[in-house]
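Scroll down for the structure; my scribbles are underneath it.
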Amino acid sequence: MAAIAAIAAIAPLSALAHGKLESATPAPGSTVDVAPGALRLTFNEALEPTFSSIKLSDTAGTPVTQEKASVDAADRRAMTLPVPKLASGEYKVQWVAMTADAHKTKGTYTFKVK
């Protein structure tokens with residue numbers, strides 16, 4: 001029993017990691033001069049495409065696109081969402097990321113277009 005506890009105590013903590021947002025374009029809290037053609041979010045682990053998503057809405061909560069996010073085949077840590085031309089204003093990004101450990105993480109952030 002003590003041997004099992006000792007092994008569990010020294011097991012790599014990375015096995016307990018969950019998907020975390022590492023970077024985003026546009027960046028959280030940023031103000032951009034020109035609206036982006038797409039959102040790009042990069043995470044610390046490869047994403048499960050079926051269970052990962054991005055939604056973009058205006059300040060009233062109205063979705064600004066019906067497009068679906070896609071995981072980049074060349075870099076499975078990155079997910080993009082094409083967006084239409086955005087008017088000046090504030091926008092809310094909501095994301096859900098599922099990684100190989102089968103745990104979902106989610107978050108939100110805002111950005112502004114001048």
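Labels for the structure tokens follow display order: chains A, B, ..., residues from 1 in each chain, ligands from 1.
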Contacts of range 37-65 of chain A with range 82-105 of chain A up to 6 Å, shortest pair per row, only C-alpha atoms, as a Markdown table:
| residue | atom | partner | partner_atom | distance |
| --- | --- | --- | --- | --- |
| A:Gly37 | CA | A:Val83 | CA | 5.5 |
| A:Ala38 | CA | A:Pro82 | CA | 4.1 |
| A:Ala46 | CA | A:Thr99 | CA | 5.9 |
| A:Leu47 | CA | A:Thr99 | CA | 4.6 |
| A:Glu48 | CA | A:Thr99 | CA | 5.4 |
| A:Phe51 | CA | A:Met98 | CA | 5.8 |
| A:Ser52 | CA | A:Ala97 | CA | 4.5 |
| A:Ser53 | CA | A:Val96 | CA | 5.2 |
| A:Ile54 | CA | A:Trp95 | CA | 4.4 |
| A:Lys55 | CA | A:Gln94 | CA | 5.1 |
| A:Leu56 | CA | A:Val93 | CA | 4.8 |
| A:Ser57 | CA | A:Lys92 | CA | 5.3 |
| A:Asp58 | CA | A:Tyr91 | CA | 4.7 |
Can you pull out every residue from chain A that DSSP, working from the backbone, puts in strand (DSSP E or B), and format the result as an mmCIF file with N, CA and C atoms, in the first residue's frame?
data_model
loop_
_atom_site.group_PDB
_atom_site.id
_atom_site.type_symbol
_atom_site.label_atom_id
_atom_site.label_comp_id
_atom_site.auth_asym_id
_atom_site.auth_seq_id
_atom_site.Cartn_x
_atom_site.Cartn_y
_atom_site.Cartn_z
ATOM 1 N N LEU A 21 -5.608 28.224 -22.341
ATOM 2 C CA LEU A 21 -5.382 29.166 -23.418
ATOM 3 C C LEU A 21 -4.015 29.808 -23.234
ATOM 4 N N GLU A 22 -3.165 29.671 -24.265
ATOM 5 C CA GLU A 22 -1.825 30.267 -24.211
ATOM 6 C C GLU A 22 -1.772 31.603 -24.919
ATOM 7 N N SER A 23 -2.476 31.727 -26.051
ATOM 8 C CA SER A 23 -2.486 32.989 -26.784
ATOM 9 C C SER A 23 -3.741 33.074 -27.638
ATOM 10 N N ALA A 24 -4.079 34.300 -28.015
ATOM 11 C CA ALA A 24 -5.263 34.522 -28.839
ATOM 12 C C ALA A 24 -5.044 35.744 -29.716
ATOM 13 N N THR A 25 -5.623 35.690 -30.911
ATOM 14 C CA THR A 25 -5.623 36.825 -31.823
ATOM 15 C C THR A 25 -7.062 37.073 -32.239
ATOM 16 N N THR A 31 -7.579 46.272 -28.063
ATOM 17 C CA THR A 31 -8.347 47.090 -29.000
ATOM 18 C C THR A 31 -7.597 47.042 -30.323
ATOM 19 N N VAL A 32 -8.301 46.628 -31.376
ATOM 20 C CA VAL A 32 -7.675 46.515 -32.688
ATOM 21 C C VAL A 32 -8.206 47.605 -33.613
ATOM 22 N N ALA A 38 -10.395 36.409 -38.835
ATOM 23 C CA ALA A 38 -10.618 35.175 -38.081
ATOM 24 C C ALA A 38 -10.060 35.336 -36.676
ATOM 25 N N LEU A 39 -10.629 34.606 -35.744
ATOM 26 C CA LEU A 39 -10.067 34.496 -34.401
ATOM 27 C C LEU A 39 -9.148 33.282 -34.415
ATOM 28 N N ARG A 40 -8.039 33.347 -33.701
ATOM 29 C CA ARG A 40 -7.128 32.199 -33.575
ATOM 30 C C ARG A 40 -6.743 32.067 -32.113
ATOM 31 N N LEU A 41 -7.086 30.942 -31.523
ATOM 32 C CA LEU A 41 -6.768 30.650 -30.136
ATOM 33 C C LEU A 41 -5.818 29.469 -30.099
ATOM 34 N N THR A 42 -4.756 29.593 -29.308
ATOM 35 C CA THR A 42 -3.772 28.521 -29.183
ATOM 36 C C THR A 42 -3.719 28.061 -27.734
ATOM 37 N N PHE A 43 -3.733 26.758 -27.548
ATOM 38 C CA PHE A 43 -3.773 26.143 -26.228
ATOM 39 C C PHE A 43 -2.477 25.396 -25.934
ATOM 40 N N LEU A 47 -6.037 19.697 -29.199
ATOM 41 C CA LEU A 47 -7.480 19.751 -28.969
ATOM 42 C C LEU A 47 -8.208 18.592 -29.631
ATOM 43 N N SER A 53 -14.763 24.431 -29.233
ATOM 44 C CA SER A 53 -15.507 25.423 -30.005
ATOM 45 C C SER A 53 -15.132 26.849 -29.603
ATOM 46 N N ILE A 54 -15.493 27.780 -30.490
ATOM 47 C CA ILE A 54 -15.370 29.206 -30.226
ATOM 48 C C ILE A 54 -16.682 29.847 -30.672
ATOM 49 N N LYS A 55 -17.199 30.765 -29.858
ATOM 50 C CA LYS A 55 -18.363 31.556 -30.234
ATOM 51 C C LYS A 55 -18.002 33.016 -30.074
ATOM 52 N N LEU A 56 -18.493 33.846 -30.976
ATOM 53 C CA LEU A 56 -18.247 35.277 -30.936
ATOM 54 C C LEU A 56 -19.583 35.993 -30.936
ATOM 55 N N SER A 57 -19.763 36.915 -29.981
ATOM 56 C CA SER A 57 -21.017 37.661 -29.893
ATOM 57 C C SER A 57 -20.743 39.131 -29.642
ATOM 58 N N ASP A 58 -21.766 39.951 -29.915
ATOM 59 C CA ASP A 58 -21.648 41.380 -29.634
ATOM 60 C C ASP A 58 -22.036 41.636 -28.175
ATOM 61 N N PRO A 63 -24.976 36.374 -31.496
ATOM 62 C CA PRO A 63 -23.860 35.789 -32.251
ATOM 63 C C PRO A 63 -23.604 36.605 -33.521
ATOM 64 N N SER A 70 -12.651 25.584 -36.249
ATOM 65 C CA SER A 70 -11.971 24.365 -36.675
ATOM 66 C C SER A 70 -10.591 24.300 -36.034
ATOM 67 N N VAL A 71 -10.175 23.074 -35.741
ATOM 68 C CA VAL A 71 -8.843 22.843 -35.191
ATOM 69 C C VAL A 71 -7.878 22.744 -36.362
ATOM 70 N N ALA A 78 -4.152 24.684 -31.971
ATOM 71 C CA ALA A 78 -4.748 25.944 -32.428
ATOM 72 C C ALA A 78 -6.133 25.713 -33.025
ATOM 73 N N MET A 79 -7.019 26.674 -32.747
ATOM 74 C CA MET A 79 -8.384 26.622 -33.253
ATOM 75 C C MET A 79 -8.708 27.994 -33.840
ATOM 76 N N THR A 80 -9.366 28.012 -34.996
ATOM 77 C CA THR A 80 -9.713 29.278 -35.638
ATOM 78 C C THR A 80 -11.212 29.356 -35.907
ATOM 79 N N LEU A 81 -11.695 30.592 -35.942
ATOM 80 C CA LEU A 81 -13.093 30.858 -36.265
ATOM 81 C C LEU A 81 -13.133 32.003 -37.265
ATOM 82 N N PRO A 82 -13.563 31.733 -38.515
ATOM 83 C CA PRO A 82 -13.706 32.818 -39.479
ATOM 84 C C PRO A 82 -14.809 33.770 -38.996
ATOM 85 N N GLY A 89 -16.840 48.378 -31.982
ATOM 86 C CA GLY A 89 -17.552 47.969 -30.773
ATOM 87 C C GLY A 89 -16.797 46.908 -30.008
ATOM 88 N N GLU A 90 -17.431 46.416 -28.970
ATOM 89 C CA GLU A 90 -16.835 45.395 -28.117
ATOM 90 C C GLU A 90 -17.440 44.037 -28.448
ATOM 91 N N TYR A 91 -16.608 43.000 -28.409
ATOM 92 C CA TYR A 91 -17.037 41.648 -28.738
ATOM 93 C C TYR A 91 -16.582 40.677 -27.657
ATOM 94 N N LYS A 92 -17.399 39.650 -27.462
ATOM 95 C CA LYS A 92 -17.111 38.631 -26.448
ATOM 96 C C LYS A 92 -16.789 37.308 -27.126
ATOM 97 N N VAL A 93 -15.664 36.731 -26.742
ATOM 98 C CA VAL A 93 -15.232 35.423 -27.244
ATOM 99 C C VAL A 93 -15.484 34.398 -26.138
ATOM 100 N N GLN A 94 -16.202 33.335 -26.468
ATOM 101 C CA GLN A 94 -16.420 32.228 -25.533
ATOM 102 C C GLN A 94 -15.803 30.986 -26.163
ATOM 103 N N TRP A 95 -14.952 30.297 -25.404
ATOM 104 C CA TRP A 95 -14.311 29.106 -25.954
ATOM 105 C C TRP A 95 -14.480 27.914 -25.023
ATOM 106 N N VAL A 96 -14.482 26.753 -25.655
ATOM 107 C CA VAL A 96 -14.495 25.469 -24.951
ATOM 108 C C VAL A 96 -13.390 24.639 -25.572
ATOM 109 N N ALA A 97 -12.537 24.068 -24.746
ATOM 110 C CA ALA A 97 -11.433 23.244 -25.240
ATOM 111 C C ALA A 97 -11.456 21.892 -24.534
ATOM 112 N N MET A 98 -11.444 20.832 -25.329
ATOM 113 C CA MET A 98 -11.284 19.498 -24.762
ATOM 114 C C MET A 98 -9.985 18.929 -25.308
ATOM 115 N N THR A 99 -9.165 18.428 -24.401
ATOM 116 C CA THR A 99 -7.889 17.837 -24.782
ATOM 117 C C THR A 99 -7.945 16.326 -24.589
ATOM 118 N N LYS A 104 -12.943 19.106 -20.163
ATOM 119 C CA LYS A 104 -13.247 20.348 -20.859
ATOM 120 C C LYS A 104 -12.845 21.524 -19.986
ATOM 121 N N THR A 105 -12.269 22.512 -20.626
ATOM 122 C CA THR A 105 -12.045 23.789 -19.965
ATOM 123 C C THR A 105 -12.749 24.824 -20.828
ATOM 124 N N LYS A 106 -13.124 25.921 -20.210
ATOM 125 C CA LYS A 106 -13.782 26.963 -20.971
ATOM 126 C C LYS A 106 -13.426 28.319 -20.410
ATOM 127 N N GLY A 107 -13.628 29.322 -21.226
ATOM 128 C CA GLY A 107 -13.314 30.668 -20.794
ATOM 129 C C GLY A 107 -13.938 31.694 -21.710
ATOM 130 N N THR A 108 -13.825 32.931 -21.299
ATOM 131 C CA THR A 108 -14.331 34.042 -22.089
ATOM 132 C C THR A 108 -13.341 35.189 -22.008
ATOM 133 N N TYR A 109 -13.377 36.036 -23.010
ATOM 134 C CA TYR A 109 -12.648 37.289 -22.970
ATOM 135 C C TYR A 109 -13.296 38.244 -23.955
ATOM 136 N N THR A 110 -12.928 39.503 -23.850
ATOM 137 C CA THR A 110 -13.464 40.505 -24.766
ATOM 138 C C THR A 110 -12.335 41.202 -25.497
ATOM 139 N N PHE A 111 -12.675 41.782 -26.641
ATOM 140 C CA PHE A 111 -11.784 42.659 -27.365
ATOM 141 C C PHE A 111 -12.635 43.729 -28.020
ATOM 142 N N LYS A 112 -12.005 44.813 -28.422
ATOM 143 C CA LYS A 112 -12.714 45.926 -29.062
ATOM 144 C C LYS A 112 -12.174 46.186 -30.447
ATOM 145 N N VAL A 113 -13.054 46.627 -31.326
ATOM 146 C CA VAL A 113 -12.674 47.097 -32.660
ATOM 147 C C VAL A 113 -12.918 48.599 -32.662
#
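Taking CA of Lys114 in chain A and CA of Ala27 in chain A as endpoints, the distance between them is 14.4 Å.
Here CA of Gln66 in chain A is placed at a distance of 27.5 Å from CA of His18 in chain A.
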